[in-house]
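Trainee: The following block contains the structure, expressed as structure tokens.
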Amino acid sequence: MAGPPQIDLAGKYAFVTGGSKGMGFGIARAFLACKARVAICSNEPESLAQAQIELDAGDNLLAIEADVSLGVNVKNAIEQTVDRFGGLNVLVNSAGIQRYGTITDTPEETWDEVMAVNLKGVYWASRCAIPHIEKAGGGAVINLASVQAFASQSNVAAYTASKGAILALTRAMALDHADAGVRVNAICPAAIDTPMLRWAAELWKGDNTAEATIASWGKGHPAGRVGSIEEVAAVAAFLASDLCPFMTGADIKVDGGVLSKLGIILPE
């Protein structure tokens, strides 16, 4: 696969949480195509092994089993990455889970699970990685948020809360680490064709097929379809590169226009 055009990440070392599947996998693949060396982590050993096979990047790839909600796991994974590559320039916080429920019917353990992965995972990876990025003379942190940081669907109270918090944390980190040359930005995707989206489609398909459900969700976007992991990865590669040194604290929507659309339709 060719990397995004005119983006060169040669000499950069990246750590991608949730890098064995979905958007994290797509970002790792794009970074490798742009000549970066990449470490990915996941708490799923089977998907991690499969990602290694599919990425087929030899010594340019390091795969580490780690649970991002556990600080000791993240610290060890990042130290392994720095020991292997000799430094760290880019962190991508992509690990995330989706759970459904309103604030009144979401069990405490489910709320805690979502926050532990989606938000605490960002905390731990950033806490452990940023000192290394600063030591390298600066670099980039890229947080995967969501359009649901801006507008919510129903029955996703914990997920929406976690993604809104990621945007607030992105701004705080951008301010706190700008002097050290660390740029912190967030990508906010809408519906992207990932294993998590397909899991949700199976859950909510009713009498339809999962494919038909995904297609119907795609029609809710002005672009008329769901997005691809490659489209998110291209934005991540740009943010990781030296092409945008004045960008920090930003939230970039990769949403097929969905947040530009009002529910009010004028009669023809």
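Here's how to read the names in the structure tokens: chain A, B, ... by the order shown, residue numbers from 1 in each chain, ligand numbers from 1 in the order shown.
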Can you pull out every residue from range 106-250 of chain A that DSSP, working from the backbone, puts in helix (DSSP H, G or I), and format the result as a ChimeraX atom specification?
Mentor: /A:108-135,147-149,157-180,195-204,210-219,229-240
Trainee: From the DSSP assignment of the backbone, select every residue of range 34-267 of chain A that is strand (DSSP E or B), and format the answer as a PyMOL selection string.
Mentor: chain A and resi 37-42+61-65+90-93+101+139-144+156+182-189+192+227+251-254
Trainee: So that I can check the surroundings of Ser228 in chain A, please list as a PyMOL selection string every protein, DNA and RNA residue that reaches within 6 Å of it, counting only C-alpha atoms and ignoring chain neighbours fewer than 3 positions away.
Mentor: chain A and resi 192-193+231
Trainee: Can you pull out every residue within 12 Å of range 44-61 of chain A, counting only C-alpha atoms, but drop anything in the same chain fewer than 3 positions away, and send it as an mmCIF file with N, CA, C and O atoms, in the first residue's frame?
Mentor:
```
data_model
loop_
_atom_site.group_PDB
_atom_site.id
_atom_site.type_symbol
_atom_site.label_atom_id
_atom_site.label_comp_id
_atom_site.auth_asym_id
_atom_site.auth_seq_id
_atom_site.Cartn_x
_atom_site.Cartn_y
_atom_site.Cartn_z
ATOM 1 N N MET A 1 0.843 -1.196 0.000
ATOM 2 C CA MET A 1 0.000 0.000 0.000
ATOM 3 C C MET A 1 0.876 1.243 0.000
ATOM 4 O O MET A 1 1.798 1.378 0.791
ATOM 5 N N ALA A 10 10.285 9.229 7.621
ATOM 6 C CA ALA A 10 11.570 8.560 7.825
ATOM 7 C C ALA A 10 12.287 9.183 9.014
ATOM 8 O O ALA A 10 12.306 10.404 9.183
ATOM 9 N N GLY A 11 12.843 8.329 9.850
ATOM 10 C CA GLY A 11 13.544 8.797 11.032
ATOM 11 C C GLY A 11 12.650 9.036 12.227
ATOM 12 O O GLY A 11 13.134 9.442 13.296
ATOM 13 N N LYS A 12 11.348 8.791 12.077
ATOM 14 C CA LYS A 12 10.426 8.971 13.200
ATOM 15 C C LYS A 12 10.045 7.609 13.769
ATOM 16 O O LYS A 12 9.888 6.625 13.049
ATOM 17 N N TYR A 13 9.854 7.606 15.090
ATOM 18 C CA TYR A 13 9.461 6.408 15.810
ATOM 19 C C TYR A 13 8.116 6.669 16.473
ATOM 20 O O TYR A 13 7.956 7.656 17.200
ATOM 21 N N ALA A 14 7.168 5.774 16.223
ATOM 22 C CA ALA A 14 5.790 5.997 16.682
ATOM 23 C C ALA A 14 5.313 4.837 17.546
ATOM 24 O O ALA A 14 5.694 3.682 17.335
ATOM 25 N N PHE A 15 4.446 5.179 18.488
ATOM 26 C CA PHE A 15 3.779 4.183 19.340
ATOM 27 C C PHE A 15 2.281 4.367 19.153
ATOM 28 O O PHE A 15 1.752 5.471 19.352
ATOM 29 N N VAL A 16 1.584 3.291 18.767
ATOM 30 C CA VAL A 16 0.156 3.358 18.452
ATOM 31 C C VAL A 16 -0.607 2.407 19.373
ATOM 32 O O VAL A 16 -0.438 1.185 19.284
ATOM 33 N N THR A 17 -1.447 2.955 20.235
ATOM 34 C CA THR A 17 -2.284 2.083 21.069
ATOM 35 C C THR A 17 -3.463 1.589 20.229
ATOM 36 O O THR A 17 -3.908 2.263 19.300
ATOM 37 N N GLY A 18 -3.950 0.411 20.561
ATOM 38 C CA GLY A 18 -5.035 -0.156 19.763
ATOM 39 C C GLY A 18 -4.619 -0.365 18.326
ATOM 40 O O GLY A 18 -5.436 -0.292 17.405
ATOM 41 N N GLY A 19 -3.339 -0.675 18.107
ATOM 42 C CA GLY A 19 -2.802 -0.712 16.751
ATOM 43 C C GLY A 19 -2.999 -2.008 15.999
ATOM 44 O O GLY A 19 -2.542 -2.124 14.861
ATOM 45 N N SER A 20 -3.677 -2.974 16.595
ATOM 46 C CA SER A 20 -3.828 -4.261 15.912
ATOM 47 C C SER A 20 -5.092 -4.353 15.071
ATOM 48 O O SER A 20 -5.229 -5.280 14.262
ATOM 49 N N LYS A 21 -6.012 -3.407 15.240
ATOM 50 C CA LYS A 21 -7.278 -3.462 14.509
ATOM 51 C C LYS A 21 -7.760 -2.046 14.193
ATOM 52 O O LYS A 21 -7.326 -1.067 14.804
ATOM 53 N N GLY A 22 -8.696 -1.959 13.271
ATOM 54 C CA GLY A 22 -9.426 -0.715 13.032
ATOM 55 C C GLY A 22 -8.546 0.460 12.659
ATOM 56 O O GLY A 22 -7.580 0.336 11.902
ATOM 57 N N GLY A 24 -6.455 2.209 14.454
ATOM 58 C CA GLY A 24 -5.078 2.100 14.908
ATOM 59 C C GLY A 24 -4.232 1.288 13.949
ATOM 60 O O GLY A 24 -3.089 1.656 13.634
ATOM 61 N N PHE A 25 -4.781 0.195 13.452
ATOM 62 C CA PHE A 25 -4.083 -0.629 12.468
ATOM 63 C C PHE A 25 -3.831 0.162 11.190
ATOM 64 O O PHE A 25 -2.723 0.138 10.633
ATOM 65 N N GLY A 26 -4.861 0.872 10.721
ATOM 66 C CA GLY A 26 -4.708 1.666 9.505
ATOM 67 C C GLY A 26 -3.651 2.735 9.654
ATOM 68 O O GLY A 26 -2.881 3.011 8.727
ATOM 69 N N ILE A 27 -3.599 3.355 10.835
ATOM 70 C CA ILE A 27 -2.591 4.394 11.094
ATOM 71 C C ILE A 27 -1.191 3.775 11.126
ATOM 72 O O ILE A 27 -0.254 4.322 10.534
ATOM 73 N N ALA A 28 -1.046 2.646 11.801
ATOM 74 C CA ALA A 28 0.261 1.978 11.821
ATOM 75 C C ALA A 28 0.708 1.621 10.412
ATOM 76 O O ALA A 28 1.880 1.813 10.045
ATOM 77 N N ARG A 29 -0.205 1.120 9.606
ATOM 78 C CA ARG A 29 0.131 0.744 8.226
ATOM 79 C C ARG A 29 0.568 1.961 7.415
ATOM 80 O O ARG A 29 1.542 1.914 6.659
ATOM 81 N N ALA A 30 -0.149 3.074 7.575
ATOM 82 C CA ALA A 30 0.220 4.294 6.854
ATOM 83 C C ALA A 30 1.570 4.824 7.311
ATOM 84 O O ALA A 30 2.399 5.251 6.494
ATOM 85 N N PHE A 31 1.812 4.804 8.622
ATOM 86 C CA PHE A 31 3.101 5.274 9.138
ATOM 87 C C PHE A 31 4.252 4.440 8.565
ATOM 88 O O PHE A 31 5.299 4.981 8.192
ATOM 89 N N LEU A 32 4.070 3.127 8.538
ATOM 90 C CA LEU A 32 5.105 2.256 7.990
ATOM 91 C C LEU A 32 5.337 2.547 6.508
ATOM 92 O O LEU A 32 6.484 2.583 6.043
ATOM 93 N N ALA A 33 4.254 2.789 5.774
ATOM 94 C CA ALA A 33 4.383 3.122 4.357
ATOM 95 C C ALA A 33 5.107 4.444 4.151
ATOM 96 O O ALA A 33 5.749 4.655 3.118
ATOM 97 N N CYS A 34 5.008 5.318 5.147
ATOM 98 C CA CYS A 34 5.701 6.615 5.091
ATOM 99 C C CYS A 34 7.090 6.542 5.714
ATOM 100 O O CYS A 34 7.707 7.575 5.983
ATOM 101 N N LYS A 35 7.570 5.310 5.971
ATOM 102 C CA LYS A 35 8.945 5.049 6.380
ATOM 103 C C LYS A 35 9.232 5.278 7.866
ATOM 104 O O LYS A 35 10.395 5.367 8.271
ATOM 105 N N ALA A 36 8.199 5.374 8.692
ATOM 106 C CA ALA A 36 8.421 5.419 10.135
ATOM 107 C C ALA A 36 8.683 4.007 10.649
ATOM 108 O O ALA A 36 8.371 3.008 9.995
ATOM 109 N N ARG A 37 9.246 3.927 11.840
ATOM 110 C CA ARG A 37 9.291 2.671 12.581
ATOM 111 C C ARG A 37 8.184 2.756 13.627
ATOM 112 O O ARG A 37 7.991 3.812 14.256
ATOM 113 N N VAL A 38 7.445 1.678 13.816
ATOM 114 C CA VAL A 38 6.191 1.742 14.559
ATOM 115 C C VAL A 38 6.092 0.606 15.576
ATOM 116 O O VAL A 38 6.383 -0.552 15.253
ATOM 117 N N ALA A 39 5.666 0.960 16.777
ATOM 118 C CA ALA A 39 5.276 -0.026 17.779
ATOM 119 C C ALA A 39 3.763 0.036 17.940
ATOM 120 O O ALA A 39 3.183 1.123 17.977
ATOM 121 N N ILE A 40 3.130 -1.114 17.970
ATOM 122 C CA ILE A 40 1.697 -1.175 18.221
ATOM 123 C C ILE A 40 1.470 -1.977 19.492
ATOM 124 O O ILE A 40 2.247 -2.873 19.828
ATOM 125 N N CYS A 41 0.395 -1.627 20.204
ATOM 126 C CA CYS A 41 0.039 -2.428 21.374
ATOM 127 C C CYS A 41 -1.442 -2.753 21.336
ATOM 128 O O CYS A 41 -2.246 -2.039 20.738
ATOM 129 N N ILE A 64 3.438 -5.302 20.873
ATOM 130 C CA ILE A 64 3.531 -5.503 22.315
ATOM 131 C C ILE A 64 2.137 -5.734 22.883
ATOM 132 O O ILE A 64 1.216 -4.938 22.640
ATOM 133 N N GLU A 65 1.975 -6.786 23.665
ATOM 134 C CA GLU A 65 0.704 -7.003 24.354
ATOM 135 C C GLU A 65 0.651 -6.108 25.589
ATOM 136 O O GLU A 65 1.524 -6.167 26.457
ATOM 137 N N ALA A 66 -0.361 -5.251 25.653
ATOM 138 C CA ALA A 66 -0.482 -4.326 26.781
ATOM 139 C C ALA A 66 -1.916 -3.852 26.903
ATOM 140 O O ALA A 66 -2.589 -3.614 25.900
ATOM 141 N N ASP A 67 -2.379 -3.704 28.125
ATOM 142 C CA ASP A 67 -3.694 -3.149 28.442
ATOM 143 C C ASP A 67 -3.494 -1.674 28.772
ATOM 144 O O ASP A 67 -2.843 -1.335 29.762
ATOM 145 N N VAL A 68 -4.064 -0.779 27.947
ATOM 146 C CA VAL A 68 -3.793 0.656 28.124
ATOM 147 C C VAL A 68 -4.390 1.220 29.404
ATOM 148 O O VAL A 68 -4.030 2.316 29.820
ATOM 149 N N THR A 81 9.617 0.123 23.495
ATOM 150 C CA THR A 81 9.687 0.827 22.215
ATOM 151 C C THR A 81 10.930 1.700 22.136
ATOM 152 O O THR A 81 11.659 1.690 21.137
ATOM 153 N N ARG A 84 14.043 -0.364 21.827
ATOM 154 C CA ARG A 84 14.172 -0.977 20.497
ATOM 155 C C ARG A 84 14.570 0.041 19.435
ATOM 156 O O ARG A 84 15.460 -0.202 18.614
ATOM 157 N N PHE A 85 13.910 1.207 19.446
ATOM 158 C CA PHE A 85 14.116 2.182 18.377
ATOM 159 C C PHE A 85 15.134 3.267 18.724
ATOM 160 O O PHE A 85 15.649 3.931 17.834
ATOM 161 N N ALA A 95 -6.637 3.346 21.041
ATOM 162 C CA ALA A 95 -7.391 2.284 21.730
ATOM 163 C C ALA A 95 -8.733 2.825 22.219
ATOM 164 O O ALA A 95 -8.795 3.906 22.808
ATOM 165 N N PRO A 195 -13.736 -2.989 12.635
ATOM 166 C CA PRO A 195 -14.359 -4.120 13.328
ATOM 167 C C PRO A 195 -15.371 -3.671 14.390
ATOM 168 O O PRO A 195 -16.388 -4.340 14.595
#
```
Trainee: Near Glu113 in chain A, within 10 Å and counting only C-alpha atoms, which residues show up once chain neighbours fewer than 6 positions away are dropped, as a ChimeraX atom specification?
Mentor: /A:69,97-99,107,119-120,158
Trainee: Can you tell me, as a list in words, what residues are no more than 8 Å from Ala186 in chain A when counting only C-alpha atoms, ignoring any on the same chain fewer than 3 positions away?
Mentor: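 Everything that qualifies: Ile142, Asn143, Leu144, Ala145, Leu167, Thr170, Gly249, Ala250, Asp251 and Ile252 of chain A.
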Trainee: Please provide the set of residues having any atom within 12 Å of Val258 in chain A, restricted to only C-alpha atoms, with same-chain residues fewer than 2 positions apart removed, written as a list in words.
Mentor: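 That gives Ser146, Val147, Gln148, Phe150, Ala151, Ser152, Cys188, Pro189, Ala190, Ala191, Trp217, Gly218, Lys219, Gly220, His221, Pro222, Ala223, Gly224, Arg225, Val226, Gly227, Lys253, Val254, Asp255, Gly256, Ser260, Lys261, Leu262 and Gly263 of chain A.
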Trainee: Hey, can you spit out that residue selection with N, CA and C atoms as a CSV table (one decimal), in the first residue's frame?
Mentor:
```csv
chain,number,residue,atom,x,y,z
A,146,SER,N,-13.9,11.6,18.5
A,146,SER,CA,-15.1,11.2,17.7
A,146,SER,C,-16.0,12.4,17.4
A,147,VAL,N,-16.8,12.3,16.4
A,147,VAL,CA,-17.8,13.3,16.2
A,147,VAL,C,-18.8,13.4,17.4
A,148,GLN,N,-18.8,12.3,18.2
A,148,GLN,CA,-19.7,12.2,19.3
A,148,GLN,C,-19.1,13.0,20.5
A,150,PHE,N,-18.9,16.1,19.9
A,150,PHE,CA,-19.7,17.4,19.6
A,150,PHE,C,-21.2,17.1,19.6
A,151,ALA,N,-21.6,16.0,19.1
A,151,ALA,CA,-23.1,15.7,19.0
A,151,ALA,C,-23.2,14.2,19.3
A,152,SER,N,-24.3,13.9,20.0
A,152,SER,CA,-24.4,12.5,20.4
A,152,SER,C,-25.6,11.8,19.8
A,188,CYS,N,-11.4,13.5,14.9
A,188,CYS,CA,-12.8,13.2,15.2
A,188,CYS,C,-13.5,12.5,14.1
A,189,PRO,N,-13.4,11.2,14.0
A,189,PRO,CA,-14.1,10.5,12.9
A,189,PRO,C,-15.6,10.3,13.2
A,190,ALA,N,-16.3,10.2,12.1
A,190,ALA,CA,-17.7,9.8,12.2
A,190,ALA,C,-17.7,8.2,12.0
A,191,ALA,N,-18.7,7.7,11.3
A,191,ALA,CA,-18.8,6.2,11.2
A,191,ALA,C,-17.7,5.8,10.2
A,217,TRP,N,-26.4,3.5,7.7
A,217,TRP,CA,-25.7,4.5,8.5
A,217,TRP,C,-24.9,5.5,7.6
A,218,GLY,N,-24.3,4.9,6.6
A,218,GLY,CA,-23.6,5.7,5.7
A,218,GLY,C,-24.4,6.8,5.0
A,219,LYS,N,-25.7,6.5,4.7
A,219,LYS,CA,-26.6,7.5,4.1
A,219,LYS,C,-26.9,8.6,5.0
A,220,GLY,N,-26.6,8.5,6.3
A,220,GLY,CA,-26.8,9.6,7.2
A,220,GLY,C,-25.7,10.7,7.1
A,221,HIS,N,-24.6,10.4,6.3
A,221,HIS,CA,-23.5,11.3,6.1
A,221,HIS,C,-23.8,12.0,4.7
A,222,PRO,N,-23.5,13.3,4.6
A,222,PRO,CA,-23.7,13.9,3.3
A,222,PRO,C,-22.8,13.2,2.2
A,223,ALA,N,-21.7,12.6,2.6
A,223,ALA,CA,-20.9,11.9,1.6
A,223,ALA,C,-21.5,10.7,1.1
A,224,GLY,N,-22.6,10.2,1.8
A,224,GLY,CA,-23.4,9.1,1.3
A,224,GLY,C,-22.8,7.7,1.7
A,225,ARG,N,-21.8,7.6,2.5
A,225,ARG,CA,-21.2,6.4,2.9
A,225,ARG,C,-20.5,6.5,4.2
A,226,VAL,N,-20.0,5.4,4.8
A,226,VAL,CA,-19.2,5.4,5.9
A,226,VAL,C,-17.7,5.6,5.4
A,227,GLY,N,-16.8,6.1,6.3
A,227,GLY,CA,-15.5,6.3,5.9
A,227,GLY,C,-14.6,5.1,6.0
A,253,LYS,N,-12.1,17.0,12.0
A,253,LYS,CA,-13.2,16.2,11.7
A,253,LYS,C,-13.0,15.4,10.4
A,254,VAL,N,-13.1,14.1,10.5
A,254,VAL,CA,-13.1,13.2,9.3
A,254,VAL,C,-14.5,12.5,9.4
A,255,ASP,N,-15.5,13.3,8.9
A,255,ASP,CA,-16.8,12.9,9.2
A,255,ASP,C,-17.8,12.8,8.0
A,256,GLY,N,-17.3,12.9,6.8
A,256,GLY,CA,-18.2,12.9,5.6
A,256,GLY,C,-19.2,14.0,5.6
A,260,SER,N,-22.0,18.9,9.6
A,260,SER,CA,-22.4,20.1,8.9
A,260,SER,C,-23.9,20.0,8.6
A,261,LYS,N,-24.5,18.9,9.0
A,261,LYS,CA,-25.9,18.6,8.5
A,261,LYS,C,-26.9,18.8,9.6
A,262,LEU,N,-27.9,19.7,9.4
A,262,LEU,CA,-29.0,19.8,10.3
A,262,LEU,C,-30.1,18.8,10.0
A,263,GLY,N,-30.9,18.4,11.0
A,263,GLY,CA,-32.0,17.5,10.7
A,263,GLY,C,-33.2,18.1,10.0
```
Trainee: One number please: CA of Ser154 in chain A to CA of Ala234 in chain A, in Å, one decimal.
Mentor: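 According to the coordinates, CA of Ser154 in chain A and CA of Ala234 in chain A are separated by 29.7 Å.
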Trainee: Quick one: pull the distance between CA of Asn76 in chain A and CA of Leu9 in chain A, Å, one decimal.
Mentor: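 According to the coordinates, CA of Asn76 in chain A and CA of Leu9 in chain A are separated by 24.5 Å.
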Trainee: What is the distance between CA of Ile264 in chain A and CA of Ala210 in chain A, in Å to one decimal?
Mentor: 27.7 Å
